[in-house]
Amino acid sequence: MAVNVNRKKNYNLILGGGLTGVIMLFILIGIFYTPYDPDAMNAADKFAGVSIRHLMGCDNFGRDVFSRVLEGSRTTWLVAAGTVFIGTFFGVILGALTGYYGGIVDEILMRVNDAVFAFPSILLALTFISISGSGRYQVVIALGIAFIPSFARIVRGEFIKCKNMDYVKNARLQGAGDFRIMFVHILPNTLTVLLSAVMIGFNNAVLAEAGMSFLGIGVQPPDASLGRMLAEAQSYLFRAPAYAVFPGVVIILMVLGFSLLGDGLKNE
Amino acid sequence: MSKELLRVTDLNIEFHDHLIPETVVFDFDLTMEQGEIVGLVGESGSGKSMSALAIAGLLSRKDMQKRGEILFEGVDLLTCERKALRQLQGNEIGMIFQEPMTSLNPVKKVGWQVEEALRIHTKLSKQERYERAVRMLSEVELDHPERIYHQYPHELSGGMRQRVMIAAAMICEPKLLIADEPTTALDVTIQAQIVELLKRMNRQKRTAVLFISHDLSLVRGLCRRVLVMQGGYVVESGLTDQIFENPGEDYTRRLIGAIPKVMRRG
């Protein structure tokens, strides 16, 4: 007889996936099509309200906010993805080496790690930007470096846990070299933990990018980014509330979607 | 007799990871010929597993000091280069562990793990590896080897996993198989099957087996020669039958006395 297991639906996964999907869809559409040129100014539409012609109104230069949100969320998303990629890539390598070998190298690298970790990431990125100059690539590199320690620490912990397992002994016995054991045998076992770390890291990166652009050290005008738009909108908060509300809502949805998705995947 | 495969002389293993060095194996001697089954018995903590790990080259090279010689076909495993050691591991020396639940990687398919030694030591194509692995899985008497090839370890029972372990250890047809209490975690009927399987492997492929156990009744049925260890020392060694008939040491006598006997009530 077939057993009907009544599994509880994973609402986090559904909701998170849906939100992320919708936002990704808009970002993809934004690459090929925006209703208006995001940078085109139109004095007649200055501070235009929400209407059919301008779905999210217009800003102080008469630029269409909807078009700018499409472009801005793409920028924010790419910066966050780049940041997480750099952080994960180097974090995994560092964490794997230190966790697997241990010893003096581990001590030294982990103390450096602690030092970097002790700085607030925005402050660290700020220092980097003030040396290298601002721009979206600099932001990615700066935030990426600031994100390495948290990933390295997570991966290191997992490697320490796994390296004494019997299957690692078994792999060594089959003649596998250290790197093969590290990246072929152990790394897949850390993926569940790594995946939720990536999700959380992505959210932090979105917020960090928005924060940096808000402070004016991230993406430079006229390029749109969600944080940048918030910064510009705050001067006109009462004249054109829509200008501030929509980018803010998109940031919230982006972060919320990814959090729920991460949560849902963890429980799968 | 046939050719000598393994000669261990005066092996001492000393841990150096604490303040005071601690010796766990004293003056261990062992010779094995090709195709021979040798038993290594003793209680927990008597040093049998440490000796086995040393022979398999699995002990870390820092943190501990090892004196003596482990000659495998003339190569000293204690002093040879790591690369040379890795060439032997999996190819010439295989090992199966006590706990089949944890000795398979939970995120990799069974077939992938059985093939691992082939992937490392040979240049076979994917198809050839697949065929070898499936053949090996059926040789260890697993039903539906093609299906098991694509399953994950958690889908298999303990006995099946131990068979998979044997398949993985034997796929390169090593000359020496070290079985470190392979039956301890299994129930009695499966134990007997696994022992039979090891026997058959030994007969068919002329693989020498170093069988480590604390179960003397299993050792008696399997091994021609046996070594008895206690507290890091080999206290007695010789032909299994002689030792069982006429144990020289009090410790051996007590070990033999500990074998449960089937008695009829009334």
# chains A, B, ... in the order shown; residues from 1 in each chain; ligands from 1
$ select_by_dssp --residues "range 55-238 of chain B" --states "helix (DSSP H, G or I)" --output "PDB file with N, CA and C atoms, in the first residue's frame"
ATOM      1  N   ILE B  55      50.616   0.159   9.098  1.00  0.00           N
ATOM      2  CA  ILE B  55      50.912  -0.632   7.905  1.00  0.00           C
ATOM      3  C   ILE B  55      50.254  -0.013   6.680  1.00  0.00           C
ATOM      4  N   ARG B  82      56.094  10.433   0.264  1.00  0.00           N
ATOM      5  CA  ARG B  82      54.633  10.403   0.317  1.00  0.00           C
ATOM      6  C   ARG B  82      54.029   9.981  -1.008  1.00  0.00           C
ATOM      7  N   LYS B  83      54.684  10.433  -2.079  1.00  0.00           N
ATOM      8  CA  LYS B  83      54.143  10.112  -3.401  1.00  0.00           C
ATOM      9  C   LYS B  83      54.198   8.609  -3.653  1.00  0.00           C
ATOM     10  N   ALA B  84      55.316   8.016  -3.246  1.00  0.00           N
ATOM     11  CA  ALA B  84      55.473   6.571  -3.419  1.00  0.00           C
ATOM     12  C   ALA B  84      54.456   5.830  -2.565  1.00  0.00           C
ATOM     13  N   LEU B  85      54.225   6.368  -1.367  1.00  0.00           N
ATOM     14  CA  LEU B  85      53.254   5.757  -0.469  1.00  0.00           C
ATOM     15  C   LEU B  85      51.860   5.808  -1.087  1.00  0.00           C
ATOM     16  N   ARG B  86      51.534   6.985  -1.658  1.00  0.00           N
ATOM     17  CA  ARG B  86      50.205   7.137  -2.267  1.00  0.00           C
ATOM     18  C   ARG B  86      50.023   6.213  -3.453  1.00  0.00           C
ATOM     19  N   GLN B  87      51.152   5.931  -4.148  1.00  0.00           N
ATOM     20  CA  GLN B  87      51.078   5.000  -5.268  1.00  0.00           C
ATOM     21  C   GLN B  87      50.646   3.620  -4.798  1.00  0.00           C
ATOM     22  N   LEU B  88      51.113   3.245  -3.592  1.00  0.00           N
ATOM     23  CA  LEU B  88      50.771   1.924  -3.065  1.00  0.00           C
ATOM     24  C   LEU B  88      49.349   1.900  -2.519  1.00  0.00           C
ATOM     25  N   VAL B 110      27.451   5.764  -4.500  1.00  0.00           N
ATOM     26  CA  VAL B 110      28.220   4.564  -4.192  1.00  0.00           C
ATOM     27  C   VAL B 110      29.211   4.240  -5.316  1.00  0.00           C
ATOM     28  N   GLY B 111      28.725   4.277  -6.545  1.00  0.00           N
ATOM     29  CA  GLY B 111      29.577   3.914  -7.667  1.00  0.00           C
ATOM     30  C   GLY B 111      30.794   4.815  -7.773  1.00  0.00           C
ATOM     31  N   TRP B 112      30.563   6.084  -7.549  1.00  0.00           N
ATOM     32  CA  TRP B 112      31.662   7.058  -7.602  1.00  0.00           C
ATOM     33  C   TRP B 112      32.745   6.685  -6.609  1.00  0.00           C
ATOM     34  N   GLN B 113      32.309   6.248  -5.421  1.00  0.00           N
ATOM     35  CA  GLN B 113      33.275   5.936  -4.374  1.00  0.00           C
ATOM     36  C   GLN B 113      33.998   4.638  -4.654  1.00  0.00           C
ATOM     37  N   VAL B 114      33.289   3.691  -5.274  1.00  0.00           N
ATOM     38  CA  VAL B 114      33.956   2.435  -5.603  1.00  0.00           C
ATOM     39  C   VAL B 114      35.025   2.692  -6.669  1.00  0.00           C
ATOM     40  N   GLU B 115      34.725   3.625  -7.579  1.00  0.00           N
ATOM     41  CA  GLU B 115      35.649   3.898  -8.685  1.00  0.00           C
ATOM     42  C   GLU B 115      36.855   4.730  -8.286  1.00  0.00           C
ATOM     43  N   GLU B 116      36.777   5.356  -7.104  1.00  0.00           N
ATOM     44  CA  GLU B 116      37.781   6.362  -6.759  1.00  0.00           C
ATOM     45  C   GLU B 116      39.220   5.872  -6.959  1.00  0.00           C
ATOM     46  N   ALA B 117      39.507   4.659  -6.481  1.00  0.00           N
ATOM     47  CA  ALA B 117      40.886   4.164  -6.602  1.00  0.00           C
ATOM     48  C   ALA B 117      41.288   4.024  -8.073  1.00  0.00           C
ATOM     49  N   LEU B 118      40.332   3.603  -8.900  1.00  0.00           N
ATOM     50  CA  LEU B 118      40.622   3.483 -10.340  1.00  0.00           C
ATOM     51  C   LEU B 118      40.928   4.852 -10.928  1.00  0.00           C
ATOM     52  N   ARG B 119      40.128   5.843 -10.494  1.00  0.00           N
ATOM     53  CA  ARG B 119      40.297   7.193 -11.023  1.00  0.00           C
ATOM     54  C   ARG B 119      41.688   7.720 -10.693  1.00  0.00           C
ATOM     55  N   ILE B 120      42.173   7.348  -9.499  1.00  0.00           N
ATOM     56  CA  ILE B 120      43.464   7.864  -9.055  1.00  0.00           C
ATOM     57  C   ILE B 120      44.620   7.083  -9.674  1.00  0.00           C
ATOM     58  N   HIS B 121      44.466   5.770  -9.767  1.00  0.00           N
ATOM     59  CA  HIS B 121      45.621   4.956 -10.132  1.00  0.00           C
ATOM     60  C   HIS B 121      45.657   4.502 -11.585  1.00  0.00           C
ATOM     61  N   LYS B 126      35.685   6.461 -18.663  1.00  0.00           N
ATOM     62  CA  LYS B 126      34.532   6.464 -17.784  1.00  0.00           C
ATOM     63  C   LYS B 126      33.733   5.158 -17.910  1.00  0.00           C
ATOM     64  N   GLN B 127      33.573   4.727 -19.143  1.00  0.00           N
ATOM     65  CA  GLN B 127      32.799   3.514 -19.385  1.00  0.00           C
ATOM     66  C   GLN B 127      33.474   2.291 -18.778  1.00  0.00           C
ATOM     67  N   GLU B 128      34.797   2.206 -18.968  1.00  0.00           N
ATOM     68  CA  GLU B 128      35.533   1.064 -18.405  1.00  0.00           C
ATOM     69  C   GLU B 128      35.451   1.057 -16.886  1.00  0.00           C
ATOM     70  N   ARG B 129      35.568   2.272 -16.315  1.00  0.00           N
ATOM     71  CA  ARG B 129      35.473   2.354 -14.854  1.00  0.00           C
ATOM     72  C   ARG B 129      34.109   1.886 -14.384  1.00  0.00           C
ATOM     73  N   TYR B 130      33.084   2.331 -15.106  1.00  0.00           N
ATOM     74  CA  TYR B 130      31.721   1.940 -14.731  1.00  0.00           C
ATOM     75  C   TYR B 130      31.568   0.420 -14.773  1.00  0.00           C
ATOM     76  N   GLU B 131      32.097  -0.174 -15.841  1.00  0.00           N
ATOM     77  CA  GLU B 131      31.970  -1.630 -15.959  1.00  0.00           C
ATOM     78  C   GLU B 131      32.704  -2.352 -14.837  1.00  0.00           C
ATOM     79  N   ARG B 132      33.936  -1.884 -14.561  1.00  0.00           N
ATOM     80  CA  ARG B 132      34.692  -2.503 -13.472  1.00  0.00           C
ATOM     81  C   ARG B 132      33.946  -2.384 -12.152  1.00  0.00           C
ATOM     82  N   ALA B 133      33.402  -1.186 -11.899  1.00  0.00           N
ATOM     83  CA  ALA B 133      32.735  -0.952 -10.620  1.00  0.00           C
ATOM     84  C   ALA B 133      31.509  -1.844 -10.479  1.00  0.00           C
ATOM     85  N   VAL B 134      30.731  -1.935 -11.550  1.00  0.00           N
ATOM     86  CA  VAL B 134      29.526  -2.765 -11.479  1.00  0.00           C
ATOM     87  C   VAL B 134      29.903  -4.229 -11.292  1.00  0.00           C
ATOM     88  N   ARG B 135      30.965  -4.667 -12.010  1.00  0.00           N
ATOM     89  CA  ARG B 135      31.403  -6.047 -11.859  1.00  0.00           C
ATOM     90  C   ARG B 135      31.845  -6.300 -10.412  1.00  0.00           C
ATOM     91  N   MET B 136      32.571  -5.330  -9.878  1.00  0.00           N
ATOM     92  CA  MET B 136      33.054  -5.464  -8.501  1.00  0.00           C
ATOM     93  C   MET B 136      31.879  -5.530  -7.520  1.00  0.00           C
ATOM     94  N   LEU B 137      30.879  -4.684  -7.760  1.00  0.00           N
ATOM     95  CA  LEU B 137      29.718  -4.679  -6.862  1.00  0.00           C
ATOM     96  C   LEU B 137      28.998  -6.017  -6.911  1.00  0.00           C
ATOM     97  N   SER B 138      28.959  -6.631  -8.088  1.00  0.00           N
ATOM     98  CA  SER B 138      28.285  -7.932  -8.129  1.00  0.00           C
ATOM     99  C   SER B 138      29.185  -9.016  -7.544  1.00  0.00           C
ATOM    100  N   GLU B 139      30.495  -8.818  -7.617  1.00  0.00           N
ATOM    101  CA  GLU B 139      31.398  -9.809  -7.010  1.00  0.00           C
ATOM    102  C   GLU B 139      31.295  -9.828  -5.495  1.00  0.00           C
ATOM    103  N   PRO B 145      23.538  -4.594  -8.961  1.00  0.00           N
ATOM    104  CA  PRO B 145      24.680  -3.683  -8.865  1.00  0.00           C
ATOM    105  C   PRO B 145      24.493  -2.391  -9.648  1.00  0.00           C
ATOM    106  N   GLU B 146      23.777  -2.472 -10.799  1.00  0.00           N
ATOM    107  CA  GLU B 146      23.591  -1.246 -11.587  1.00  0.00           C
ATOM    108  C   GLU B 146      22.790  -0.221 -10.803  1.00  0.00           C
ATOM    109  N   ARG B 147      21.819  -0.717 -10.036  1.00  0.00           N
ATOM    110  CA  ARG B 147      21.006   0.229  -9.273  1.00  0.00           C
ATOM    111  C   ARG B 147      21.808   0.778  -8.088  1.00  0.00           C
ATOM    112  N   ILE B 148      22.534  -0.104  -7.431  1.00  0.00           N
ATOM    113  CA  ILE B 148      23.301   0.334  -6.261  1.00  0.00           C
ATOM    114  C   ILE B 148      24.370   1.335  -6.676  1.00  0.00           C
ATOM    115  N   TYR B 149      24.899   1.160  -7.883  1.00  0.00           N
ATOM    116  CA  TYR B 149      25.903   2.092  -8.390  1.00  0.00           C
ATOM    117  C   TYR B 149      25.402   3.529  -8.288  1.00  0.00           C
ATOM    118  N   PRO B 153      24.961   6.331  -0.058  1.00  0.00           N
ATOM    119  CA  PRO B 153      25.195   5.423   1.072  1.00  0.00           C
ATOM    120  C   PRO B 153      24.024   5.317   2.044  1.00  0.00           C
ATOM    121  N   HIS B 154      23.295   6.408   2.274  1.00  0.00           N
ATOM    122  CA  HIS B 154      22.241   6.319   3.291  1.00  0.00           C
ATOM    123  C   HIS B 154      21.094   5.420   2.849  1.00  0.00           C
ATOM    124  N   GLU B 155      21.076   5.067   1.583  1.00  0.00           N
ATOM    125  CA  GLU B 155      20.006   4.190   1.110  1.00  0.00           C
ATOM    126  C   GLU B 155      20.323   2.716   1.323  1.00  0.00           C
ATOM    127  N   GLY B 158      23.723  -1.540   6.726  1.00  0.00           N
ATOM    128  CA  GLY B 158      25.102  -1.668   7.200  1.00  0.00           C
ATOM    129  C   GLY B 158      25.876  -2.759   6.484  1.00  0.00           C
ATOM    130  N   GLY B 159      25.257  -3.906   6.333  1.00  0.00           N
ATOM    131  CA  GLY B 159      25.933  -5.007   5.663  1.00  0.00           C
ATOM    132  C   GLY B 159      26.245  -4.681   4.215  1.00  0.00           C
ATOM    133  N   MET B 160      25.279  -4.018   3.545  1.00  0.00           N
ATOM    134  CA  MET B 160      25.507  -3.643   2.148  1.00  0.00           C
ATOM    135  C   MET B 160      26.647  -2.639   2.042  1.00  0.00           C
ATOM    136  N   ARG B 161      26.661  -1.703   2.998  1.00  0.00           N
ATOM    137  CA  ARG B 161      27.732  -0.711   2.951  1.00  0.00           C
ATOM    138  C   ARG B 161      29.092  -1.350   3.145  1.00  0.00           C
ATOM    139  N   GLN B 162      29.147  -2.345   4.045  1.00  0.00           N
ATOM    140  CA  GLN B 162      30.439  -2.990   4.254  1.00  0.00           C
ATOM    141  C   GLN B 162      30.857  -3.721   2.977  1.00  0.00           C
ATOM    142  N   ARG B 163      29.896  -4.271   2.266  1.00  0.00           N
ATOM    143  CA  ARG B 163      30.222  -4.904   0.982  1.00  0.00           C
ATOM    144  C   ARG B 163      30.732  -3.868  -0.016  1.00  0.00           C
ATOM    145  N   VAL B 164      30.089  -2.706  -0.012  1.00  0.00           N
ATOM    146  CA  VAL B 164      30.553  -1.635  -0.889  1.00  0.00           C
ATOM    147  C   VAL B 164      31.981  -1.253  -0.530  1.00  0.00           C
ATOM    148  N   MET B 165      32.252  -1.179   0.778  1.00  0.00           N
ATOM    149  CA  MET B 165      33.611  -0.852   1.227  1.00  0.00           C
ATOM    150  C   MET B 165      34.613  -1.876   0.701  1.00  0.00           C
ATOM    151  N   ILE B 166      34.209  -3.147   0.787  1.00  0.00           N
ATOM    152  CA  ILE B 166      35.117  -4.196   0.296  1.00  0.00           C
ATOM    153  C   ILE B 166      35.325  -4.023  -1.209  1.00  0.00           C
ATOM    154  N   ALA B 167      34.239  -3.739  -1.905  1.00  0.00           N
ATOM    155  CA  ALA B 167      34.358  -3.526  -3.353  1.00  0.00           C
ATOM    156  C   ALA B 167      35.309  -2.380  -3.650  1.00  0.00           C
ATOM    157  N   ALA B 168      35.163  -1.275  -2.894  1.00  0.00           N
ATOM    158  CA  ALA B 168      36.018  -0.105  -3.131  1.00  0.00           C
ATOM    159  C   ALA B 168      37.474  -0.432  -2.822  1.00  0.00           C
ATOM    160  N   ALA B 169      37.685  -1.226  -1.764  1.00  0.00           N
ATOM    161  CA  ALA B 169      39.064  -1.539  -1.378  1.00  0.00           C
ATOM    162  C   ALA B 169      39.702  -2.522  -2.348  1.00  0.00           C
ATOM    163  N   MET B 170      38.847  -3.367  -2.989  1.00  0.00           N
ATOM    164  CA  MET B 170      39.394  -4.440  -3.818  1.00  0.00           C
ATOM    165  C   MET B 170      39.443  -4.098  -5.303  1.00  0.00           C
ATOM    166  N   VAL B 188      25.180 -10.993  13.580  1.00  0.00           N
ATOM    167  CA  VAL B 188      25.932 -12.243  13.444  1.00  0.00           C
ATOM    168  C   VAL B 188      25.815 -12.893  12.073  1.00  0.00           C
ATOM    169  N   THR B 189      24.590 -12.919  11.501  1.00  0.00           N
ATOM    170  CA  THR B 189      24.447 -13.591  10.207  1.00  0.00           C
ATOM    171  C   THR B 189      25.225 -12.844   9.137  1.00  0.00           C
ATOM    172  N   ILE B 190      25.182 -11.486   9.193  1.00  0.00           N
ATOM    173  CA  ILE B 190      25.920 -10.700   8.207  1.00  0.00           C
ATOM    174  C   ILE B 190      27.425 -10.876   8.418  1.00  0.00           C
ATOM    175  N   GLN B 191      27.833 -10.974   9.681  1.00  0.00           N
ATOM    176  CA  GLN B 191      29.246 -11.218   9.980  1.00  0.00           C
ATOM    177  C   GLN B 191      29.757 -12.433   9.224  1.00  0.00           C
ATOM    178  N   ALA B 192      29.002 -13.523   9.345  1.00  0.00           N
ATOM    179  CA  ALA B 192      29.433 -14.761   8.701  1.00  0.00           C
ATOM    180  C   ALA B 192      29.534 -14.562   7.195  1.00  0.00           C
ATOM    181  N   GLN B 193      28.555 -13.839   6.618  1.00  0.00           N
ATOM    182  CA  GLN B 193      28.594 -13.617   5.162  1.00  0.00           C
ATOM    183  C   GLN B 193      29.818 -12.809   4.752  1.00  0.00           C
ATOM    184  N   ILE B 194      30.118 -11.795   5.535  1.00  0.00           N
ATOM    185  CA  ILE B 194      31.266 -10.945   5.201  1.00  0.00           C
ATOM    186  C   ILE B 194      32.560 -11.755   5.295  1.00  0.00           C
ATOM    187  N   VAL B 195      32.656 -12.582   6.328  1.00  0.00           N
ATOM    188  CA  VAL B 195      33.856 -13.405   6.472  1.00  0.00           C
ATOM    189  C   VAL B 195      33.990 -14.358   5.288  1.00  0.00           C
ATOM    190  N   GLU B 196      32.863 -14.958   4.894  1.00  0.00           N
ATOM    191  CA  GLU B 196      32.871 -15.847   3.722  1.00  0.00           C
ATOM    192  C   GLU B 196      33.346 -15.094   2.485  1.00  0.00           C
ATOM    193  N   LEU B 197      32.851 -13.862   2.361  1.00  0.00           N
ATOM    194  CA  LEU B 197      33.203 -13.034   1.210  1.00  0.00           C
ATOM    195  C   LEU B 197      34.712 -12.760   1.184  1.00  0.00           C
ATOM    196  N   LEU B 198      35.248 -12.410   2.361  1.00  0.00           N
ATOM    197  CA  LEU B 198      36.691 -12.151   2.431  1.00  0.00           C
ATOM    198  C   LEU B 198      37.473 -13.397   2.052  1.00  0.00           C
ATOM    199  N   LYS B 199      36.993 -14.538   2.527  1.00  0.00           N
ATOM    200  CA  LYS B 199      37.649 -15.802   2.211  1.00  0.00           C
ATOM    201  C   LYS B 199      37.669 -16.033   0.702  1.00  0.00           C
ATOM    202  N   ARG B 200      36.521 -15.778   0.083  1.00  0.00           N
ATOM    203  CA  ARG B 200      36.408 -16.017  -1.353  1.00  0.00           C
ATOM    204  C   ARG B 200      37.330 -15.074  -2.127  1.00  0.00           C
ATOM    205  N   MET B 201      37.339 -13.806  -1.712  1.00  0.00           N
ATOM    206  CA  MET B 201      38.218 -12.820  -2.339  1.00  0.00           C
ATOM    207  C   MET B 201      39.665 -13.289  -2.251  1.00  0.00           C
ATOM    208  N   ASN B 202      40.010 -13.795  -1.068  1.00  0.00           N
ATOM    209  CA  ASN B 202      41.367 -14.268  -0.840  1.00  0.00           C
ATOM    210  C   ASN B 202      41.708 -15.418  -1.772  1.00  0.00           C
ATOM    211  N   ARG B 203      40.748 -16.342  -1.929  1.00  0.00           N
ATOM    212  CA  ARG B 203      40.991 -17.502  -2.787  1.00  0.00           C
ATOM    213  C   ARG B 203      41.096 -17.086  -4.241  1.00  0.00           C
ATOM    214  N   GLN B 204      40.143 -16.255  -4.678  1.00  0.00           N
ATOM    215  CA  GLN B 204      40.061 -15.954  -6.108  1.00  0.00           C
ATOM    216  C   GLN B 204      41.154 -15.001  -6.574  1.00  0.00           C
ATOM    217  N   LYS B 205      41.448 -14.016  -5.776  1.00  0.00           N
ATOM    218  CA  LYS B 205      42.348 -12.970  -6.243  1.00  0.00           C
ATOM    219  C   LYS B 205      43.717 -13.039  -5.592  1.00  0.00           C
ATOM    220  N   LEU B 216      37.310 -14.189  18.495  1.00  0.00           N
ATOM    221  CA  LEU B 216      38.197 -15.309  18.194  1.00  0.00           C
ATOM    222  C   LEU B 216      37.526 -16.389  17.364  1.00  0.00           C
ATOM    223  N   SER B 217      36.205 -16.530  17.533  1.00  0.00           N
ATOM    224  CA  SER B 217      35.564 -17.598  16.766  1.00  0.00           C
ATOM    225  C   SER B 217      35.623 -17.292  15.271  1.00  0.00           C
ATOM    226  N   LEU B 218      35.508 -16.025  14.910  1.00  0.00           N
ATOM    227  CA  LEU B 218      35.637 -15.658  13.496  1.00  0.00           C
ATOM    228  C   LEU B 218      37.060 -15.902  13.011  1.00  0.00           C
ATOM    229  N   VAL B 219      38.014 -15.501  13.830  1.00  0.00           N
ATOM    230  CA  VAL B 219      39.415 -15.637  13.445  1.00  0.00           C
ATOM    231  C   VAL B 219      39.764 -17.104  13.220  1.00  0.00           C
ATOM    232  N   ARG B 220      39.221 -17.943  14.083  1.00  0.00           N
ATOM    233  CA  ARG B 220      39.538 -19.360  13.981  1.00  0.00           C
ATOM    234  C   ARG B 220      39.092 -19.943  12.649  1.00  0.00           C
ATOM    235  N   GLY B 221      37.922 -19.500  12.199  1.00  0.00           N
ATOM    236  CA  GLY B 221      37.418 -20.038  10.951  1.00  0.00           C
ATOM    237  C   GLY B 221      38.107 -19.471   9.721  1.00  0.00           C
ATOM    238  N   LEU B 222      38.800 -18.377   9.881  1.00  0.00           N
ATOM    239  CA  LEU B 222      39.294 -17.646   8.710  1.00  0.00           C
ATOM    240  C   LEU B 222      40.813 -17.735   8.542  1.00  0.00           C
TER     241      LEU B 222
END
$ closest_atom_pairs --of "chain A" --to "chain B" --cutoff "10 Å" --atoms "only C-alpha atoms" --output "Markdown table"
| residue | atom | partner | partner_atom | distance |
| --- | --- | --- | --- | --- |
| A:Met165 | CA | B:Thr102 | CA | 7.0 |
| A:Asp166 | CA | B:Ser103 | CA | 4.4 |
| A:Tyr167 | CA | B:Ser103 | CA | 4.1 |
| A:Val168 | CA | B:Ser103 | CA | 7.8 |
| A:Lys169 | CA | B:Leu58 | CA | 7.4 |
| A:Asn170 | CA | B:Ser103 | CA | 6.5 |
| A:Ala171 | CA | B:Glu116 | CA | 7.9 |
| A:Arg172 | CA | B:Leu58 | CA | 7.6 |
| A:Leu173 | CA | B:Gln89 | CA | 5.3 |
| A:Gln174 | CA | B:Gly90 | CA | 3.7 |
| A:Gly175 | CA | B:Arg86 | CA | 4.6 |
| A:Ala176 | CA | B:Ile120 | CA | 6.6 |
| A:Gly177 | CA | B:Arg86 | CA | 7.5 |
| A:Arg180 | CA | B:Ile120 | CA | 9.6 |
| A:Val184 | CA | B:Lys108 | CA | 9.7 |
| A:His185 | CA | B:Asn105 | CA | 7.4 |
| A:Ile186 | CA | B:Asn105 | CA | 8.5 |
| A:Leu187 | CA | B:Val107 | CA | 9.9 |
| A:Pro188 | CA | B:Val107 | CA | 6.7 |
| A:Asn189 | CA | B:Val107 | CA | 6.2 |
| A:Thr190 | CA | B:Val107 | CA | 9.7 |
| A:Leu191 | CA | B:Val107 | CA | 9.7 |
$ write_last_selection --atoms "C-alpha atoms" --output "PDB file, in the first residue's frame"
ATOM      1  CA  MET A 165      35.773  11.313   9.417  1.00  0.00           C
ATOM      2  CA  ASP A 166      36.323   7.746   8.289  1.00  0.00           C
ATOM      3  CA  TYR A 167      35.482   8.528   4.692  1.00  0.00           C
ATOM      4  CA  VAL A 168      38.388  10.950   4.549  1.00  0.00           C
ATOM      5  CA  LYS A 169      40.675   8.249   5.943  1.00  0.00           C
ATOM      6  CA  ASN A 170      39.234   5.952   3.330  1.00  0.00           C
ATOM      7  CA  ALA A 171      39.892   8.437   0.542  1.00  0.00           C
ATOM      8  CA  ARG A 172      43.477   8.854   1.695  1.00  0.00           C
ATOM      9  CA  LEU A 173      43.818   5.117   1.727  1.00  0.00           C
ATOM     10  CA  GLN A 174      42.679   4.925  -1.858  1.00  0.00           C
ATOM     11  CA  GLY A 175      45.642   7.099  -2.657  1.00  0.00           C
ATOM     12  CA  ALA A 176      43.944  10.484  -3.007  1.00  0.00           C
ATOM     13  CA  GLY A 177      46.218  13.490  -2.587  1.00  0.00           C
ATOM     14  CA  ARG A 180      41.755  15.897  -4.069  1.00  0.00           C
ATOM     15  CA  VAL A 184      36.535  16.570  -4.146  1.00  0.00           C
ATOM     16  CA  HIS A 185      35.818  14.632  -0.967  1.00  0.00           C
ATOM     17  CA  ILE A 186      35.262  17.181   1.786  1.00  0.00           C
ATOM     18  CA  LEU A 187      33.997  20.299   0.012  1.00  0.00           C
ATOM     19  CA  PRO A 188      30.709  18.751  -1.212  1.00  0.00           C
ATOM     20  CA  ASN A 189      29.963  17.877   2.406  1.00  0.00           C
ATOM     21  CA  THR A 190      30.140  21.517   3.394  1.00  0.00           C
ATOM     22  CA  LEU A 191      27.765  22.708   0.673  1.00  0.00           C
TER      23      LEU A 191
END
$ closest_residue --among "A:Leu123, A:Val249, A:Lys161, A:Ser132" --to "Ala208 in chain A" --atoms "only C-alpha atoms"
A:Leu123
$ closest_residue --among "A:Gly30, A:Pro149, A:Gly216, A:Pro241" --to "Gly135 in chain A" --atoms "only C-alpha atoms"
A:Gly216
$ residues_around --residues "range 15-25 of chain B" --least-positions-apart "4" --cutoff "8 Å" --atoms "only C-alpha atoms" --output "list in words"
Leu11, Ser46, Gly47, Met50, Ser51, Asp63, Met64, Gln65, Gly231, Gly232 and Tyr233 of chain B
$ select_by_dssp --residues "range 3-171 of chain B" --states "strand (DSSP E or B)" --output "PyMOL selection string"
chain B and resi 4-15+22-33+37-42+64-72+75-76+89+93-96
